[in-house]
$ cat work-v8.cif   # mmCIF, C-alpha atoms
data_entry
loop_
_atom_site.label_atom_id
_atom_site.label_comp_id
_atom_site.auth_asym_id
_atom_site.auth_seq_id
_atom_site.Cartn_x
_atom_site.Cartn_y
_atom_site.Cartn_z
CA MET U 23 -3.01 94.00 -13.40
CA PHE U 24 -5.08 95.11 -10.42
CA ILE U 25 -4.95 98.82 -9.65
CA TYR U 26 -6.28 100.10 -6.36
CA LEU U 27 -8.02 103.44 -6.54
CA SER U 28 -7.21 106.15 -4.06
CA SER U 29 -10.36 107.74 -2.65
CA VAL U 30 -10.66 111.38 -1.64
CA HIS U 31 -13.39 113.38 0.00
CA VAL U 32 -14.35 116.14 -2.42
CA ALA U 33 -16.25 119.26 -1.52
CA SER U 34 -16.55 121.99 -4.15
CA GLY U 35 -15.03 125.26 -3.14
CA PHE U 36 -13.26 123.77 -0.13
CA SER U 37 -9.53 123.14 -0.05
CA PHE U 38 -8.51 119.65 1.15
CA VAL U 39 -5.46 117.37 0.96
CA PRO U 40 -6.10 114.51 -1.50
CA ASN U 41 -4.89 110.99 -0.96
CA PRO U 42 -1.79 109.81 -2.84
CA PRO U 43 -2.33 108.34 -6.30
CA SER U 44 -2.35 104.58 -6.81
CA GLY U 45 -0.22 102.59 -9.23
CA THR U 46 3.05 100.74 -9.74
CA THR U 47 5.69 101.33 -7.07
CA VAL U 48 8.57 99.38 -8.65
CA GLY U 49 9.55 99.59 -12.29
CA ASP U 50 12.18 99.92 -14.97
CA ILE U 51 13.31 102.86 -17.08
CA ASN U 52 11.50 103.84 -20.29
CA VAL U 53 8.41 101.80 -19.43
CA GLU U 54 5.06 103.58 -19.08
CA TYR U 55 3.07 102.91 -15.91
CA GLU U 56 -0.49 103.95 -15.14
CA TYR U 57 -1.44 106.04 -12.08
CA LYS U 58 -4.97 106.86 -10.92
CA VAL U 59 -6.91 109.06 -8.54
CA TYR U 60 -10.52 108.54 -7.59
CA THR U 61 -12.98 111.37 -8.12
CA ILE U 62 -16.65 111.78 -8.97
CA GLU U 63 -16.73 115.57 -9.31
CA VAL U 64 -17.33 116.38 -12.96
CA GLY U 65 -15.63 119.63 -13.92
CA SER U 66 -12.89 119.40 -11.29
CA SER U 67 -9.26 119.06 -12.37
CA TRP U 68 -6.21 117.12 -11.21
CA MET U 69 -2.47 117.46 -11.75
CA PHE U 70 0.27 114.83 -11.33
CA ASP U 71 3.76 115.69 -10.14
CA TRP U 72 5.99 112.85 -11.36
CA GLY U 73 8.90 113.66 -9.08
CA ASP U 74 11.36 114.07 -11.95
CA GLY U 75 10.65 117.73 -12.68
CA ASN U 76 7.74 116.94 -14.97
CA TYR U 77 4.03 117.61 -14.39
CA SER U 78 0.96 116.36 -16.19
CA GLY U 79 -0.80 119.70 -16.39
CA TRP U 80 -4.41 120.05 -15.29
CA ILE U 81 -6.60 117.11 -16.29
CA LYS U 82 -10.31 117.91 -16.26
CA VAL U 83 -12.84 115.34 -15.08
CA GLU U 84 -15.23 115.03 -18.02
CA ASN U 85 -17.58 112.36 -16.64
CA SER U 86 -18.45 110.56 -13.43
CA LYS U 87 -16.75 107.23 -14.20
CA GLY U 88 -15.04 107.44 -10.81
CA PHE U 89 -11.38 108.04 -11.61
CA ILE U 90 -8.88 109.70 -13.86
CA SER U 91 -5.59 108.14 -14.91
CA GLN U 92 -2.31 109.17 -16.46
CA ASN U 93 0.67 107.21 -17.78
CA HIS U 94 4.28 108.14 -17.17
CA SER U 95 7.76 106.71 -17.72
CA TRP U 96 11.13 107.63 -16.23
CA SER U 97 14.35 107.77 -18.21
CA ASP U 98 16.74 107.43 -15.26
CA TYR U 99 17.01 104.98 -12.39
CA GLY U 100 16.08 106.44 -9.04
CA VAL U 101 13.41 106.91 -6.39
CA TYR U 102 10.56 109.24 -7.36
CA LYS U 103 7.78 110.84 -5.31
CA VAL U 104 4.52 110.95 -7.29
CA ARG U 105 1.93 113.43 -5.97
CA VAL U 106 -1.42 114.82 -7.08
CA LYS U 107 -3.16 118.17 -6.62
CA TYR U 108 -6.89 118.88 -6.89
CA ARG U 109 -8.65 121.99 -8.27
CA SER U 110 -12.38 122.42 -7.79
CA VAL U 111 -14.85 123.75 -10.33
CA TYR U 112 -14.55 127.02 -8.39
CA MET U 113 -10.80 127.10 -9.13
CA VAL U 114 -9.85 126.41 -5.52
CA GLU U 115 -6.65 124.37 -5.38
CA SER U 116 -5.67 121.87 -2.73
CA PRO U 117 -2.17 121.33 -1.38
CA TRP U 118 -0.14 118.48 -2.88
CA SER U 119 -1.00 115.03 -1.60
CA ASP U 120 1.40 112.84 0.30
CA PRO U 121 3.67 111.09 -2.20
CA LEU U 122 3.49 107.61 -3.64
CA THR U 123 7.10 106.36 -3.68
CA VAL U 124 8.12 104.78 -6.99
CA ASN U 125 11.42 102.91 -7.29
CA ILE U 126 12.76 102.81 -10.82
CA THR U 127 15.61 100.40 -10.23
CA LEU U 128 18.10 98.40 -12.20
CA PRO U 129 16.71 94.86 -12.66
CA SER U 130 18.41 92.56 -10.18
CA ASP U 131 19.25 90.03 -12.91
CA LEU U 132 19.66 91.73 -16.27
CA ASP U 133 20.50 88.62 -18.30
CA GLY U 134 18.11 86.25 -16.51
CA ASP U 135 20.79 83.66 -15.74
CA GLY U 136 19.82 83.31 -12.08
CA TRP U 137 22.71 85.40 -10.73
CA ILE U 138 22.05 88.95 -9.54
CA ASN U 139 24.03 91.69 -11.22
CA GLU U 140 26.14 92.71 -8.23
CA VAL U 141 27.36 89.13 -7.70
CA GLU U 142 28.28 88.73 -11.37
CA ILE U 143 30.15 92.04 -11.32
CA ALA U 144 31.94 91.07 -8.07
CA TYR U 145 33.15 87.88 -9.79
CA GLY U 146 34.24 89.72 -12.93
CA LYS U 147 31.38 88.37 -15.05
CA ASN U 148 29.22 90.22 -17.57
CA PRO U 149 25.74 90.81 -16.07
CA ASN U 150 24.33 91.20 -19.60
CA ASP U 151 25.52 87.78 -20.82
CA PRO U 152 23.40 84.78 -19.72
CA ASN U 153 26.26 82.43 -20.63
CA GLU U 154 28.71 84.12 -18.28
CA TYR U 155 28.32 83.64 -14.53
CA PRO U 156 30.31 82.48 -11.47
CA LEU U 157 31.29 78.80 -11.25
CA ASP U 158 29.01 76.88 -8.89
CA THR U 159 29.80 73.16 -9.13
CA ASP U 160 27.00 71.89 -6.89
CA ASN U 161 24.41 74.50 -7.99
CA ASP U 162 23.68 75.55 -4.42
CA GLY U 163 23.70 79.27 -5.21
CA THR U 164 27.13 79.90 -3.67
CA PRO U 165 30.05 80.28 -6.11
CA ASP U 166 32.99 77.93 -5.64
CA ASN U 167 35.55 80.67 -5.06
CA ASP U 168 35.78 84.01 -3.27
CA SER U 169 34.82 87.03 -5.36
CA ILE U 170 37.52 89.14 -6.97
CA ASP U 171 36.60 92.18 -4.90
CA GLY U 172 36.51 90.19 -1.65
CA ARG U 173 32.84 90.94 -0.95
CA TYR U 174 31.65 87.35 -1.26
CA THR U 175 33.05 84.18 0.31
CA GLY U 176 33.18 81.09 -1.86
CA ASP U 177 31.57 77.73 -1.13
CA VAL U 178 33.59 75.64 1.35
CA ASP U 179 32.19 72.45 -0.22
CA ASP U 180 32.15 72.98 -3.98
CA ASP U 181 30.66 69.61 -4.93
CA GLY U 182 28.24 69.32 -1.99
CA ASP U 183 29.38 65.83 -0.96
CA GLY U 184 29.69 66.68 2.74
CA LEU U 185 33.47 67.11 2.87
CA THR U 186 34.95 70.59 2.67
CA ASP U 187 37.33 71.36 -0.17
CA SER U 188 40.30 71.59 2.20
CA ILE U 189 39.59 68.14 3.67
CA GLU U 190 39.15 66.61 0.22
CA GLU U 191 42.49 68.05 -0.81
CA SER U 192 44.11 66.62 2.33
CA VAL U 193 42.70 63.10 1.83
CA GLY U 194 43.29 63.13 -1.92
CA SER U 195 39.76 63.27 -3.36
CA ASN U 196 38.50 65.73 -5.96
CA PRO U 197 36.65 68.74 -4.43
CA LYS U 198 34.81 69.23 -7.74
CA ASP U 199 33.47 65.64 -7.95
CA ASN U 200 30.74 64.46 -5.57
CA SER U 201 30.92 60.85 -6.77
CA ASP U 202 34.21 60.13 -4.98
CA VAL U 203 32.81 60.51 -1.45
CA GLU U 204 30.07 58.48 0.25
CA THR U 205 28.54 59.16 3.66
CA VAL U 206 28.20 56.12 5.94
CA PHE U 207 27.04 55.66 9.53
CA VAL U 208 28.90 53.32 11.87
CA GLU U 209 27.95 53.10 15.55
CA ASN U 210 25.76 56.21 15.11
CA THR U 211 28.78 58.16 13.90
CA ILE U 212 29.17 59.80 10.49
CA PHE U 213 32.12 58.55 8.46
CA TYR U 214 33.09 59.17 4.85
CA ILE U 215 34.45 56.53 2.52
CA VAL U 216 36.61 58.15 -0.12
CA ASP U 217 37.99 57.26 -3.54
CA THR U 218 41.38 58.95 -3.57
CA ASP U 219 42.73 57.73 -6.93
CA ASN U 220 39.65 58.06 -9.17
CA ASP U 221 39.39 54.30 -9.84
CA ASN U 222 35.79 54.04 -8.58
CA GLN U 223 36.96 52.04 -5.55
CA TRP U 224 36.86 53.24 -1.94
CA ASN U 225 40.36 53.64 -0.50
CA ILE U 226 40.10 55.70 2.68
CA LEU U 227 37.72 55.79 5.65
CA TYR U 228 37.61 59.31 7.11
CA ASN U 229 36.25 60.28 10.52
CA PRO U 230 35.39 64.03 10.45
CA GLY U 231 35.11 64.13 14.23
CA THR U 232 38.67 63.00 14.89
CA GLY U 233 40.31 63.60 11.51
CA LEU U 234 41.42 59.94 11.49
CA LYS U 235 42.07 58.37 8.08
CA THR U 236 42.36 54.59 7.75
CA LYS U 237 42.87 52.33 4.77
CA ILE U 238 39.95 50.36 3.30
CA THR U 239 40.45 46.83 1.94
CA ASN U 240 38.17 45.62 -0.85
CA GLN U 241 37.49 41.91 -1.28
CA ASN U 242 34.95 41.02 -3.96
CA GLY U 243 32.92 44.16 -3.42
CA VAL U 244 32.95 43.93 0.37
CA PHE U 245 34.91 46.71 2.05
CA TYR U 246 36.70 46.11 5.34
CA LEU U 247 36.74 49.12 7.65
CA ASP U 248 39.05 50.00 10.52
CA ILE U 249 37.17 52.68 12.43
CA ASN U 250 39.63 53.28 15.29
CA GLY U 251 43.00 53.08 13.54
CA ASP U 252 44.31 50.08 15.48
CA GLY U 253 45.14 48.17 12.31
CA ASN U 254 42.30 45.67 12.76
CA TYR U 255 39.14 45.59 10.69
CA ASP U 256 36.07 46.33 12.78
CA TYR U 257 33.27 46.38 10.21
CA THR U 258 32.47 45.30 6.70
CA TYR U 259 30.51 47.43 4.27
CA ASN U 260 28.52 45.89 1.45
CA ASN U 261 28.59 48.51 -1.27
CA GLY U 262 25.68 46.95 -3.11
CA LEU U 263 23.25 46.63 -0.21
CA PHE U 264 24.52 49.46 2.00
CA VAL U 265 24.45 47.09 4.98
CA TYR U 266 26.89 47.35 7.86
CA ARG U 267 27.91 44.55 10.18
CA PRO U 268 30.78 44.04 12.64
CA PHE U 269 33.81 42.30 11.23
CA PRO U 270 33.36 38.54 12.01
CA TRP U 271 36.47 38.02 14.12
CA LEU U 272 34.96 35.03 15.99
CA GLN U 273 34.04 33.37 12.72
CA VAL U 274 37.54 33.94 11.36
CA ILE U 275 39.13 32.52 14.52
CA LEU U 276 36.88 29.45 14.58
CA THR U 277 37.43 28.86 10.87
CA ALA U 278 41.19 29.13 11.31
CA ALA U 279 41.10 26.75 14.29
CA GLY U 280 39.04 24.26 12.30
CA ILE U 281 41.48 24.38 9.40
CA ILE U 282 44.40 23.77 11.76
CA LEU U 283 42.66 20.77 13.32
CA ILE U 284 41.92 19.31 9.88
CA ILE U 285 45.56 19.69 8.86
CA ILE U 286 46.74 18.01 12.06
CA ALA U 287 44.31 15.12 11.50
CA ILE U 288 45.59 14.65 7.94
CA LEU U 289 49.18 14.67 9.14
CA PHE U 290 48.36 12.01 11.74
CA LYS U 291 46.57 9.87 9.18
CA THR U 292 49.44 9.98 6.73
CA GLY U 293 51.96 9.21 9.45
CA ILE U 294 53.83 12.42 8.99
CA ILE U 295 53.31 13.05 12.64
CA TYR U 296 52.40 10.52 15.28
CA LEU U 297 52.32 10.02 19.02
CA TYR U 298 55.35 8.20 20.41
CA GLU U 299 54.94 6.01 23.47
CA GLU U 300 58.00 4.65 25.33
CA GLU U 301 57.85 1.73 27.76
CA TYR U 302 60.00 1.69 30.85
CA ILE U 303 60.84 -1.60 32.72
CA VAL U 304 61.47 -1.17 36.36
CA GLU U 305 63.61 -3.91 37.95
CA GLU U 306 63.13 -4.74 41.57
#

$ encode --input "work-v8.cif" --output "structure tokens"
Amino acid sequence: MFIYLSSVHVASGFSFVPNPPSGTTVGDINVEYEYKVYTIEVGSSWMFDWGDGNYSGWIKVENSKGFISQNHSWSDYGVYKVRVKYRSVYMVESPWSDPLTVNITLPSDLDGDGWINEVEIAYGKNPNDPNEYPLDTDNDGTPDNDSIDGRYTGDVDDDGDGLTDSIEESVGSNPKDNSDVETVFVENTIFYIVDTDNDNQWNILYNPGTGLKTKITNQNGVFYLDINGDGNYDYTYNNGLFVYRPFPWLQVILTAAGIILIIIAILFKTGIIYLYEEEYIVEE
């Protein structure tokens, strides 16, 4: 631990105001901390005022090592003003120095579980038990729910999947499970594909901008998406490759037309249908 020494200008027989002592400014109760003042005047004396009603008594400088030090601990949490006073070899005393402020505070996380005490208390948890802390499904540092005392607001997206809990409840997905929602981009717009029945298959396409929900059709791992709610599929989504492409309406139409033509040709060939020509004789 590095300790910075406080220098003072010393002149025997002359009263001066010493600099504040140096040492720890933040600590815990019942732990001793070291405080120092710098001096080279052998035979002079120094006294520490610990700010808690206790004093060190006069400490005589026995050699010219450059500083004197004292240890002190506090038994109660609080803010303490540590001062020093100088007395020369001629018994001339200085005024008290300006104080060094020392905060003896309750550790912010008593049980070391990553949650500060006041949050654990607000959520009705034991700040001394590392196995007891607020529920945080997505580990983002914000508890899932509001605190009991109303001081803290819970996470609006417990599982961190991009959809708020209220939206997940409305579409039917689990707000505690981030595997049932996938973010996709169609036409530079964010959509969410959602598994609403926990069968590991996407069922709903959700547009957060409009609130529109449309059904997804799955055919052999290819998902057909209706992005505007008109009942027609506009895009397909390959779940394996994460590739998007417009739904091939032209291909479907041409394929259907080809099939119809083939059927008609077969019907002609088998004689099921045929062209009937009728001759008319015109008498003059």

$ resolve_selection --input "work-v8.cif" --expression "the PyMOL selection byres ((chain U and resi 202) around 6)" --output "list in words"
Asn200, Ser201, Val203, Val216 and Asp217 of chain U

$ closest_residue --input "work-v8.cif" --among "U:Asp252, U:Asp50, U:Glu191, U:Asp71" --to "Pro121 of chain U" --atoms "only C-alpha atoms"
U:Asp71

$ resolve_selection --input "work-v8.cif" --expression "the PyMOL selection byres ((chain U and resi 45) around 8)" --output "list in words"
Ile25, Tyr26, Pro43, Ser44, Thr46, Thr47, Tyr55, Glu56, Tyr57 and Lys58 of chain U

$ closest_atom_pairs --input "work-v8.cif" --of "segment 164-243 of chain U" --to "segment 122-142 of chain U" --cutoff "9 Å" --atoms "all atoms listed in the file" --output "JSON lines"
{"residue": "U:Ser169", "atom": "CA", "partner": "U:Val141", "partner_atom": "CA", "distance": 8.1}
{"residue": "U:Arg173", "atom": "CA", "partner": "U:Val141", "partner_atom": "CA", "distance": 8.9}
{"residue": "U:Tyr174", "atom": "CA", "partner": "U:Val141", "partner_atom": "CA", "distance": 7.9}

$ residues_near_point --input "work-v8.cif" --point "(33.2, 58.7, 8.8)" --cutoff "12 Å" --atoms "only C-alpha atoms" --output "NGL selection string"
:U and (184-185 or 203-216 or 226-236 or 247-250)

$ resolve_selection --input "work-v8.cif" --expression "the PyMOL selection byres ((chain U and resi 79-84) around 12)" --output "ChimeraX atom specification"
/U:58-72,76-78,85-92,106-111,113,115

$ write_last_selection --input "work-v8.cif" --atoms "C-alpha atoms" --output "PDB file, in the frame of the given file"
ATOM      1  CA  LYS U  58      -4.970 106.860 -10.920  1.00  0.00           C
ATOM      2  CA  VAL U  59      -6.910 109.060  -8.540  1.00  0.00           C
ATOM      3  CA  TYR U  60     -10.520 108.540  -7.590  1.00  0.00           C
ATOM      4  CA  THR U  61     -12.980 111.370  -8.120  1.00  0.00           C
ATOM      5  CA  ILE U  62     -16.650 111.780  -8.970  1.00  0.00           C
ATOM      6  CA  GLU U  63     -16.730 115.570  -9.310  1.00  0.00           C
ATOM      7  CA  VAL U  64     -17.330 116.380 -12.960  1.00  0.00           C
ATOM      8  CA  GLY U  65     -15.630 119.630 -13.920  1.00  0.00           C
ATOM      9  CA  SER U  66     -12.890 119.400 -11.290  1.00  0.00           C
ATOM     10  CA  SER U  67      -9.260 119.060 -12.370  1.00  0.00           C
ATOM     11  CA  TRP U  68      -6.210 117.120 -11.210  1.00  0.00           C
ATOM     12  CA  MET U  69      -2.470 117.460 -11.750  1.00  0.00           C
ATOM     13  CA  PHE U  70       0.270 114.830 -11.330  1.00  0.00           C
ATOM     14  CA  ASP U  71       3.760 115.690 -10.140  1.00  0.00           C
ATOM     15  CA  TRP U  72       5.990 112.850 -11.360  1.00  0.00           C
ATOM     16  CA  ASN U  76       7.740 116.940 -14.970  1.00  0.00           C
ATOM     17  CA  TYR U  77       4.030 117.610 -14.390  1.00  0.00           C
ATOM     18  CA  SER U  78       0.960 116.360 -16.190  1.00  0.00           C
ATOM     19  CA  ASN U  85     -17.580 112.360 -16.640  1.00  0.00           C
ATOM     20  CA  SER U  86     -18.450 110.560 -13.430  1.00  0.00           C
ATOM     21  CA  LYS U  87     -16.750 107.230 -14.200  1.00  0.00           C
ATOM     22  CA  GLY U  88     -15.040 107.440 -10.810  1.00  0.00           C
ATOM     23  CA  PHE U  89     -11.380 108.040 -11.610  1.00  0.00           C
ATOM     24  CA  ILE U  90      -8.880 109.700 -13.860  1.00  0.00           C
ATOM     25  CA  SER U  91      -5.590 108.140 -14.910  1.00  0.00           C
ATOM     26  CA  GLN U  92      -2.310 109.170 -16.460  1.00  0.00           C
ATOM     27  CA  VAL U 106      -1.420 114.820  -7.080  1.00  0.00           C
ATOM     28  CA  LYS U 107      -3.160 118.170  -6.620  1.00  0.00           C
ATOM     29  CA  TYR U 108      -6.890 118.880  -6.890  1.00  0.00           C
ATOM     30  CA  ARG U 109      -8.650 121.990  -8.270  1.00  0.00           C
ATOM     31  CA  SER U 110     -12.380 122.420  -7.790  1.00  0.00           C
ATOM     32  CA  VAL U 111     -14.850 123.750 -10.330  1.00  0.00           C
ATOM     33  CA  MET U 113     -10.800 127.100  -9.130  1.00  0.00           C
ATOM     34  CA  GLU U 115      -6.650 124.370  -5.380  1.00  0.00           C
TER      35      GLU U 115
END

$ atom_distance --input "work-v8.cif" --atom1 "atom CA of Ile275 of chain U" --atom2 "atom CA of Phe245 of chain U"
19.4 Å

$ build_atoms --input "work-v8.cif" --residues "segment 212-233 of chain U" --atoms "N, CA, C and O atoms" --output "mmCIF file, in the frame of the given file"
data_model
loop_
_atom_site.group_PDB
_atom_site.id
_atom_site.type_symbol
_atom_site.label_atom_id
_atom_site.label_comp_id
_atom_site.auth_asym_id
_atom_site.auth_seq_id
_atom_site.Cartn_x
_atom_site.Cartn_y
_atom_site.Cartn_z
ATOM 1 N N ILE U 212 28.996 59.549 11.928
ATOM 2 C CA ILE U 212 29.170 59.800 10.490
ATOM 3 C C ILE U 212 30.623 59.561 10.105
ATOM 4 O O ILE U 212 31.543 60.094 10.724
ATOM 5 N N PHE U 213 30.816 58.742 9.083
ATOM 6 C CA PHE U 213 32.120 58.550 8.460
ATOM 7 C C PHE U 213 31.962 58.829 6.963
ATOM 8 O O PHE U 213 30.851 58.854 6.428
ATOM 9 N N TYR U 214 33.089 59.018 6.304
ATOM 10 C CA TYR U 214 33.090 59.170 4.850
ATOM 11 C C TYR U 214 34.042 58.155 4.258
ATOM 12 O O TYR U 214 35.180 58.018 4.719
ATOM 13 N N ILE U 215 33.557 57.404 3.266
ATOM 14 C CA ILE U 215 34.450 56.530 2.520
ATOM 15 C C ILE U 215 34.804 57.263 1.230
ATOM 16 O O ILE U 215 33.946 57.838 0.562
ATOM 17 N N VAL U 216 36.093 57.246 0.904
ATOM 18 C CA VAL U 216 36.610 58.150 -0.120
ATOM 19 C C VAL U 216 37.406 57.385 -1.165
ATOM 20 O O VAL U 216 38.179 56.475 -0.839
ATOM 21 N N ASP U 217 37.188 57.769 -2.423
ATOM 22 C CA ASP U 217 37.990 57.260 -3.540
ATOM 23 C C ASP U 217 39.070 58.298 -3.818
ATOM 24 O O ASP U 217 38.789 59.378 -4.328
ATOM 25 N N THR U 218 40.301 57.966 -3.479
ATOM 26 C CA THR U 218 41.380 58.950 -3.570
ATOM 27 C C THR U 218 42.154 58.892 -4.879
ATOM 28 O O THR U 218 42.960 59.785 -5.149
ATOM 29 N N ASP U 219 41.943 57.845 -5.694
ATOM 30 C CA ASP U 219 42.730 57.730 -6.930
ATOM 31 C C ASP U 219 41.859 57.635 -8.177
ATOM 32 O O ASP U 219 42.328 57.241 -9.246
ATOM 33 N N ASN U 220 40.567 57.974 -8.029
ATOM 34 C CA ASN U 220 39.650 58.060 -9.170
ATOM 35 C C ASN U 220 39.525 56.742 -9.935
ATOM 36 O O ASN U 220 39.393 56.727 -11.158
ATOM 37 N N ASP U 221 39.550 55.604 -9.188
ATOM 38 C CA ASP U 221 39.390 54.300 -9.840
ATOM 39 C C ASP U 221 38.042 53.673 -9.515
ATOM 40 O O ASP U 221 37.825 52.488 -9.762
ATOM 41 N N ASN U 222 37.132 54.490 -8.948
ATOM 42 C CA ASN U 222 35.790 54.040 -8.580
ATOM 43 C C ASN U 222 35.811 52.953 -7.497
ATOM 44 O O ASN U 222 34.899 52.129 -7.412
ATOM 45 N N GLN U 223 36.857 52.957 -6.677
ATOM 46 C CA GLN U 223 36.960 52.040 -5.550
ATOM 47 C C GLN U 223 37.279 52.859 -4.296
ATOM 48 O O GLN U 223 38.113 53.763 -4.330
ATOM 49 N N TRP U 224 36.605 52.515 -3.185
ATOM 50 C CA TRP U 224 36.860 53.240 -1.940
ATOM 51 C C TRP U 224 38.235 52.861 -1.398
ATOM 52 O O TRP U 224 38.584 51.687 -1.339
ATOM 53 N N ASN U 225 39.009 53.878 -0.993
ATOM 54 C CA ASN U 225 40.360 53.640 -0.500
ATOM 55 C C ASN U 225 40.564 54.042 0.956
ATOM 56 O O ASN U 225 41.358 53.434 1.668
ATOM 57 N N ILE U 226 39.858 55.102 1.369
ATOM 58 C CA ILE U 226 40.100 55.700 2.680
ATOM 59 C C ILE U 226 38.783 55.822 3.443
ATOM 60 O O ILE U 226 37.755 56.201 2.878
ATOM 61 N N LEU U 227 38.829 55.503 4.739
ATOM 62 C CA LEU U 227 37.720 55.790 5.650
ATOM 63 C C LEU U 227 38.125 57.014 6.458
ATOM 64 O O LEU U 227 39.176 57.027 7.102
ATOM 65 N N TYR U 228 37.274 58.052 6.429
ATOM 66 C CA TYR U 228 37.610 59.310 7.110
ATOM 67 C C TYR U 228 36.592 59.609 8.191
ATOM 68 O O TYR U 228 35.380 59.561 7.955
ATOM 69 N N ASN U 229 37.094 59.894 9.396
ATOM 70 C CA ASN U 229 36.250 60.280 10.520
ATOM 71 C C ASN U 229 36.353 61.791 10.697
ATOM 72 O O ASN U 229 37.392 62.294 11.133
ATOM 73 N N PRO U 230 35.292 62.566 10.357
ATOM 74 C CA PRO U 230 35.390 64.030 10.450
ATOM 75 C C PRO U 230 35.486 64.527 11.885
ATOM 76 O O PRO U 230 35.949 65.636 12.124
ATOM 77 N N GLY U 231 35.039 63.708 12.840
ATOM 78 C CA GLY U 231 35.110 64.130 14.230
ATOM 79 C C GLY U 231 36.512 64.121 14.790
ATOM 80 O O GLY U 231 36.895 64.995 15.575
ATOM 81 N N THR U 232 37.308 63.137 14.374
ATOM 82 C CA THR U 232 38.670 63.000 14.890
ATOM 83 C C THR U 232 39.733 63.336 13.853
ATOM 84 O O THR U 232 40.899 63.527 14.204
ATOM 85 N N GLY U 233 39.334 63.376 12.571
ATOM 86 C CA GLY U 233 40.310 63.600 11.510
ATOM 87 C C GLY U 233 41.088 62.347 11.150
ATOM 88 O O GLY U 233 42.024 62.406 10.345
#
